[in-house]
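What follows is upload-v7.txt (compact mmCIF, C-alpha atoms and all ligand atoms).
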# COMPACT_ATOMS: atom_id res chain seq x y z
CA MET A 1 108.37 98.40 75.85
CA ASN A 2 111.17 97.96 73.42
CA ARG A 3 114.36 98.30 75.46
CA GLN A 4 117.49 98.79 73.45
CA ASP A 5 119.44 100.72 76.04
CA ALA A 6 121.95 98.07 76.98
CA PRO A 7 125.56 99.24 76.68
CA SER A 8 126.72 98.89 73.10
CA ARG A 9 129.09 96.10 72.14
CA ASP A 10 129.98 97.55 68.77
CA GLY A 11 133.09 99.44 69.80
CA LEU A 12 131.15 102.68 69.97
CA ALA A 13 132.91 103.77 73.17
CA ARG A 14 135.66 105.75 71.51
CA ARG A 15 137.85 108.35 73.15
CA TRP A 16 137.79 111.82 71.70
CA SER A 17 140.84 112.70 69.69
CA PRO A 18 141.14 115.98 67.81
CA PRO A 19 140.66 115.67 64.03
CA PRO A 20 143.57 116.85 61.83
CA LEU A 21 141.91 120.23 61.18
CA LEU A 22 142.05 121.04 64.91
CA TYR A 23 145.73 120.06 65.11
CA ALA A 24 146.36 122.36 62.16
CA SER A 25 144.42 125.13 63.91
CA ALA A 26 146.50 124.74 67.06
CA ALA A 27 149.66 124.92 64.92
CA VAL A 28 148.43 128.11 63.20
CA HIS A 29 147.74 129.73 66.58
CA LEU A 30 151.14 128.77 67.99
CA GLY A 31 152.85 129.86 64.78
CA ALA A 32 151.08 133.22 64.81
CA ALA A 33 152.03 133.81 68.45
CA ALA A 34 155.66 132.87 67.78
CA ALA A 35 155.81 135.10 64.70
CA MET A 36 154.50 138.10 66.64
CA LEU A 37 157.03 137.56 69.43
CA ALA A 38 159.91 137.26 66.97
CA ARG A 39 158.83 140.03 64.60
CA PRO A 40 156.15 142.26 66.15
CA ARG A 41 155.72 144.14 62.87
CA ALA A 42 154.49 140.90 61.28
CA TRP A 43 151.22 141.22 63.19
CA PRO A 44 149.01 141.81 60.10
CA TRP A 45 150.23 138.50 58.65
CA ALA A 46 149.69 136.67 61.91
CA LEU A 47 146.21 138.12 62.25
CA GLY A 48 145.43 137.19 58.64
CA ALA A 49 146.50 133.59 59.28
CA LEU A 50 144.24 133.40 62.34
CA ALA A 51 141.29 134.86 60.44
CA ALA A 52 141.78 132.36 57.60
CA ASN A 53 141.99 129.53 60.12
CA HIS A 54 138.73 130.52 61.79
CA ALA A 55 137.05 130.88 58.41
CA ALA A 56 138.16 127.30 57.59
CA LEU A 57 136.72 126.00 60.88
CA ALA A 58 133.41 127.82 60.30
CA ALA A 59 133.21 126.53 56.71
CA ALA A 60 133.76 122.96 57.90
CA GLY A 61 130.85 123.39 60.33
CA LEU A 62 128.57 124.84 57.64
CA TRP A 63 129.19 121.88 55.33
CA PRO A 64 126.93 119.10 56.72
CA ARG A 65 128.75 116.23 54.98
CA SER A 66 132.21 117.37 56.06
CA GLN A 67 134.45 114.94 57.93
CA LEU A 68 136.85 117.71 58.98
CA LEU A 69 135.42 118.22 62.48
CA GLY A 70 135.19 114.52 63.39
CA PRO A 71 133.61 111.24 62.21
CA ASN A 72 130.38 111.69 60.24
CA TRP A 73 128.35 108.99 58.49
CA ILE A 74 127.51 110.08 54.95
CA ARG A 75 126.94 106.47 53.76
CA LEU A 76 126.30 103.15 55.47
CA PRO A 77 129.50 101.24 56.15
CA ALA A 78 130.28 98.31 53.86
CA GLN A 79 129.01 94.99 55.23
CA ASP A 80 131.75 92.48 54.28
CA GLY A 81 130.47 91.89 50.79
CA ALA A 82 126.79 91.72 51.80
CA ALA A 83 124.37 94.43 50.71
CA ALA A 84 124.17 97.27 53.24
CA GLY A 85 120.72 98.44 52.16
CA VAL A 86 119.52 102.05 52.01
CA ALA A 87 118.74 104.10 55.12
CA ILE A 88 115.76 106.45 54.78
CA THR A 89 116.07 109.06 57.53
CA ILE A 90 113.13 111.30 58.42
CA ASP A 91 113.77 114.47 60.43
CA ASP A 92 112.03 117.00 62.67
CA GLY A 93 109.06 114.95 63.92
CA PRO A 94 107.11 113.37 65.31
CA ASP A 95 104.26 115.29 63.70
CA PRO A 96 100.70 114.29 64.68
CA ASP A 97 99.39 114.94 61.16
CA VAL A 98 102.19 113.62 58.93
CA THR A 99 104.00 110.88 60.90
CA PRO A 100 101.02 108.44 61.15
CA GLN A 101 100.64 108.60 57.35
CA VAL A 102 104.39 108.04 56.91
CA LEU A 103 104.14 105.00 59.18
CA SER A 104 101.28 103.60 57.08
CA GLN A 105 103.24 104.06 53.85
CA LEU A 106 106.31 102.37 55.36
CA ALA A 107 104.17 99.47 56.63
CA ALA A 108 102.56 99.01 53.20
CA HIS A 109 106.06 98.48 51.78
CA HIS A 110 107.35 96.45 54.76
CA ALA A 111 110.07 99.08 55.07
CA LEU A 112 112.01 100.32 58.09
CA ALA A 113 113.23 103.88 58.56
CA THR A 114 115.14 106.05 61.02
CA PHE A 115 113.40 109.05 62.59
CA PHE A 116 115.65 111.88 63.82
CA CYS A 117 113.19 113.30 66.34
CA VAL A 118 113.21 116.52 68.32
CA GLY A 119 113.20 115.65 72.05
CA ALA A 120 110.52 118.18 73.01
CA ARG A 121 108.21 116.80 70.30
CA VAL A 122 108.80 113.23 71.52
CA GLU A 123 107.59 114.35 74.96
CA ARG A 124 104.59 116.17 73.47
CA TYR A 125 103.56 113.33 71.14
CA ALA A 126 104.69 110.47 73.35
CA ASN A 127 102.20 107.88 72.06
CA LEU A 128 103.23 108.58 68.49
CA ALA A 129 106.92 108.24 69.41
CA ARG A 130 106.19 104.88 71.06
CA GLU A 131 104.25 103.82 67.96
CA ILE A 132 107.28 104.55 65.76
CA VAL A 133 109.52 102.33 67.90
CA SER A 134 106.94 99.57 68.35
CA ARG A 135 106.77 99.20 64.56
CA GLY A 136 110.48 98.43 64.44
CA HIS A 137 111.74 101.83 63.29
CA ALA A 138 114.50 103.67 65.13
CA ILE A 139 114.28 107.06 66.83
CA GLU A 140 117.55 108.95 66.96
CA ASN A 141 118.58 112.27 68.50
CA HIS A 142 117.95 115.54 66.64
CA SER A 143 118.46 117.74 69.77
CA GLN A 144 115.89 118.75 72.36
CA ARG A 145 114.56 121.95 70.80
CA HIS A 146 116.02 122.15 67.26
CA ARG A 147 117.52 125.56 68.01
CA HIS A 148 118.34 127.47 64.85
CA ASN A 149 121.52 128.82 66.45
CA PHE A 150 122.70 125.32 67.39
CA SER A 151 125.96 125.71 65.44
CA LEU A 152 126.77 128.85 67.46
CA LEU A 153 126.36 127.18 70.87
CA GLY A 154 129.29 126.58 73.20
CA PRO A 155 130.12 123.12 74.55
CA GLY A 156 127.91 123.48 77.67
CA SER A 157 124.73 124.51 75.85
CA MET A 158 125.36 121.98 73.10
CA SER A 159 125.73 119.22 75.66
CA VAL A 160 122.46 120.23 77.38
CA GLU A 161 120.53 120.21 74.07
CA ILE A 162 121.78 116.76 73.15
CA SER A 163 121.68 115.06 76.55
CA ARG A 164 118.16 116.34 77.28
CA ALA A 165 116.93 114.85 74.00
CA GLN A 166 118.74 111.64 74.85
CA GLU A 167 116.88 111.49 78.19
CA SER A 168 113.48 112.43 76.66
CA ILE A 169 113.66 109.77 73.97
CA LEU A 170 114.85 107.05 76.35
CA ARG A 171 112.21 107.92 78.94
CA VAL A 172 109.32 107.96 76.44
CA THR A 173 110.26 105.08 74.14
CA GLY A 174 112.60 102.92 76.24
CA SER A 175 115.12 103.06 73.40
CA ARG A 176 118.41 104.95 73.70
CA PRO A 177 119.47 106.89 70.59
CA ARG A 178 122.75 105.80 69.01
CA PHE A 179 123.04 108.58 66.43
CA PHE A 180 122.84 112.36 66.43
CA ARG A 181 122.08 114.72 63.58
CA ALA A 182 122.61 118.46 64.08
CA PRO A 183 119.71 120.85 63.32
CA ALA A 184 120.11 121.78 59.62
CA GLY A 185 123.30 119.69 59.70
CA LEU A 186 125.26 122.71 61.00
CA ARG A 187 127.81 122.35 63.79
CA ASN A 188 131.09 123.56 65.25
CA PRO A 189 134.27 121.99 66.71
CA PHE A 190 132.63 121.60 70.17
CA LEU A 191 130.21 118.94 68.92
CA ASP A 192 132.48 115.93 68.48
CA PRO A 193 133.76 115.82 72.11
CA VAL A 194 130.13 116.04 73.35
CA LEU A 195 129.02 113.19 71.07
CA THR A 196 131.98 111.09 72.14
CA ARG A 197 131.09 111.54 75.81
CA LEU A 198 127.43 110.60 75.15
CA GLN A 199 128.45 107.66 72.94
CA LEU A 200 126.60 109.02 69.93
CA ARG A 201 127.66 108.93 66.30
CA LEU A 202 127.12 111.86 63.98
CA ALA A 203 125.09 110.99 60.88
CA SER A 204 124.42 113.27 57.95
CA TRP A 205 123.36 111.93 54.56
CA THR A 206 124.35 110.88 51.07
CA ARG A 207 121.61 113.01 49.46
CA ARG A 208 118.76 115.17 50.71
CA GLY A 209 115.57 116.19 48.98
CA PHE A 210 115.35 119.77 50.33
CA ASP A 211 111.74 118.85 51.07
CA THR A 212 111.24 121.54 53.72
CA VAL A 213 111.64 124.25 51.08
CA ASN A 214 110.81 122.55 47.78
CA ALA A 215 107.13 121.63 47.32
CA ASN A 216 107.76 119.98 43.93
CA ALA A 217 107.55 116.25 44.64
CA ASP A 218 109.11 115.31 41.28
CA ALA A 219 112.16 117.45 41.96
CA VAL A 220 112.54 116.11 45.52
CA TYR A 221 112.25 112.52 44.26
CA ARG A 222 114.81 113.08 41.50
CA ARG A 223 117.31 114.59 43.92
CA LEU A 224 117.03 111.58 46.22
CA ALA A 225 116.83 108.79 43.65
CA ASN A 226 119.43 109.85 41.15
CA PRO A 227 121.18 107.44 41.33
CA LEU A 228 120.12 105.14 44.16
CA GLN A 229 122.92 102.89 45.34
CA ASP A 230 123.53 100.39 48.07
CA GLY A 231 124.68 102.15 51.24
CA ASP A 232 122.90 105.46 50.56
CA ILE A 233 121.56 107.52 53.46
CA LEU A 234 118.60 109.63 52.30
CA LEU A 235 117.03 112.60 54.11
CA LEU A 236 113.34 113.53 54.15
CA HIS A 237 111.18 115.42 56.70
CA ASP A 238 107.91 114.58 58.44
CA GLY A 239 108.18 117.75 60.56
CA ASN A 240 108.38 121.14 58.80
CA ALA A 241 107.45 119.45 55.51
CA ALA A 242 106.82 121.68 52.49
CA ARG A 243 103.25 121.33 51.19
CA GLY A 244 102.57 120.46 47.57
CA ARG A 245 99.32 120.00 45.65
CA GLY A 246 96.27 120.46 47.86
CA GLY A 247 98.45 121.15 50.87
CA LYS A 248 99.81 117.59 50.90
CA PRO A 249 103.15 117.24 52.71
CA VAL A 250 105.81 116.49 50.08
CA ILE A 251 107.15 113.43 51.91
CA LEU A 252 103.79 111.66 51.41
CA GLU A 253 104.11 112.02 47.64
CA VAL A 254 107.80 111.14 47.50
CA LEU A 255 108.08 108.24 49.95
CA PRO A 256 105.88 105.66 48.10
CA ARG A 257 107.73 106.35 44.84
CA LEU A 258 111.05 106.01 46.58
CA LEU A 259 110.02 102.74 48.24
CA ASP A 260 108.80 101.37 44.88
CA THR A 261 112.13 102.26 43.28
CA LEU A 262 114.10 100.66 46.11
CA ALA A 263 112.03 97.47 45.69
CA SER A 264 112.55 97.42 41.93
CA LYS A 265 116.33 97.72 42.45
CA GLN A 266 116.25 95.12 45.23
CA LEU A 267 117.67 97.65 47.69
CA ARG A 268 116.50 96.90 51.23
CA PRO A 269 115.33 99.85 53.38
CA VAL A 270 117.16 99.53 56.72
CA THR A 271 117.63 101.56 59.89
CA LEU A 272 120.94 103.30 60.46
CA ARG A 273 121.54 101.35 63.66
CA SER A 274 121.19 98.03 61.86
CA ALA A 275 124.47 98.91 60.16
CA LEU A 276 126.37 99.26 63.46
ZN ZN B 1 116.03 119.28 61.45

For the file at hand, write its structure as structure tokens.
Ligand SMILES: [Zn+2]
Amino acid sequence: MNRQDAPSRDGLARRWSPPPLLYASAAVHLGAAAAMLARPRAWPWALGALAANHAALAAAGLWPRSQLLGPNWIRLPAQDGAAAGVAITIDDGPDPDVTPQVLSQLAAHHALATFFCVGARVERYANLAREIVSRGHAIENHSQRHRHNFSLLGPGSMSVEISRAQESILRVTGSRPRFFRAPAGLRNPFLDPVLTRLQLRLASWTRRGFDTVNANADAVYRRLANPLQDGDILLLHDGNAARGRGGKPVILEVLPRLLDTLASKQLRPVTLRSAL
């Protein structure tokens, strides 16, 4: 069993500190309260300021690549002058039909990838999850059930979804996730304190192919590969994959092309955690 659950030595253990947007929100709330005490007839203005503030918080949570609610990897960090590589991330599996074919394609190109797996699916397809890790890929946390209302959950429910996936993945594979990606990339201000407590980093992406909704492999490839640069984080799906010609999951048409292009540009496919 591949055990990678030793405590991290990469400075991951950070303490939660509110991002600037939350300080600003607190100031808006205090300001609105003070204004209403001083001039009660100003209440429509105070209410308007609060509504605008909450709209800003919601917008930040609906924007997957936003850094406004806390740290969020949208590229690999620079590696002191060395090439960082490109991280292919594959979400929503494992899938008993698609994932084994993805693993074969990756092996044919000697490429490593990061799988953001759903905890309940890791339990259900435990052998497949172990196969992913035994081939040198990484499994990271994509919540236990991939709830579609994840971004509306409070801190307690959010913590349960993430910590249960953390336990499922560790129990099945022996490897503790180091990264979290929110279902559909959507979140709210409660997420960052939970991730800090569980010593997880939030990762989104540089570009995504929209391959759960777009069955056109050419279009998905162009979105991802245009232009490919060192440090990119790319998003594809082995679970919930759109089906193209003959019912073929889009990722199986896109991934070999992408891997060929990476090789031709001498960009090395790496796992996210290799950049820690
Ligand atoms: Zn997902």

Taking all atoms listed in the file and a cut-off of 10 Å, can you tell me which residues surround ligand ZN 1 (chain B), written as a VMD selection string? chain A and resid 90 to 93 116 to 118 142 to 143 145 to 148 181 to 186 212 235 to 240

Min atom-atom distance to A:Ala138 from the set A:Ile233, A:Ala46, A:Ala108, A:Ala87, counting only C-alpha atoms, belongs to A:Ala87

In the coordinates of the file, take the point (114.0, 107.6, 72.7) and a cut-off of 9 Å; then, counting all atoms listed in the file, name each qualifying protein, DNA or RNA residue as a ChimeraX atom specification. /A:117,119,122,129-130,133,138-141,165-177

Export of prior selection with C-alpha atoms as a JSON list (two decimals), keeping the file's coordinate frame:
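Okay, this is what ended up in part-v5.json:
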[["chain", "number", "residue", "atom", "x", "y", "z"],
["A", 117, "CYS", "CA", 113.19, 113.30, 66.34],
["A", 119, "GLY", "CA", 113.20, 115.65, 72.05],
["A", 122, "VAL", "CA", 108.80, 113.23, 71.52],
["A", 129, "ALA", "CA", 106.92, 108.24, 69.41],
["A", 130, "ARG", "CA", 106.19, 104.88, 71.06],
["A", 133, "VAL", "CA", 109.52, 102.33, 67.90],
["A", 138, "ALA", "CA", 114.50, 103.67, 65.13],
["A", 139, "ILE", "CA", 114.28, 107.06, 66.83],
["A", 140, "GLU", "CA", 117.55, 108.95, 66.96],
["A", 141, "ASN", "CA", 118.58, 112.27, 68.50],
["A", 165, "ALA", "CA", 116.93, 114.85, 74.00],
["A", 166, "GLN", "CA", 118.74, 111.64, 74.85],
["A", 167, "GLU", "CA", 116.88, 111.49, 78.19],
["A", 168, "SER", "CA", 113.48, 112.43, 76.66],
["A", 169, "ILE", "CA", 113.66, 109.77, 73.97],
["A", 170, "LEU", "CA", 114.85, 107.05, 76.35],
["A", 171, "ARG", "CA", 112.21, 107.92, 78.94],
["A", 172, "VAL", "CA", 109.32, 107.96, 76.44],
["A", 173, "THR", "CA", 110.26, 105.08, 74.14],
["A", 174, "GLY", "CA", 112.60, 102.92, 76.24],
["A", 175, "SER", "CA", 115.12, 103.06, 73.40],
["A", 176, "ARG", "CA", 118.41, 104.95, 73.70],
["A", 177, "PRO", "CA", 119.47, 106.89, 70.59]]

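Non-sequential neighbours of A:Ala78 (distance at most 10 Å, separation of 3 or more positions within a chain, only C-alpha atoms) are Arg75, Gly81, Ala82, Ala83, Ala84, Gly85, Asp230, Gly231 and Ala275 of chain A.
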
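By all atoms listed in the file, and with residues fewer than 4 positions from A:Leu259 along its chain excluded, the set lying at most 9 Å from it is Gln105, Leu106, His109, Ala111, Val254, Leu255, Ala263, Ser264 and Pro269 of chain A.
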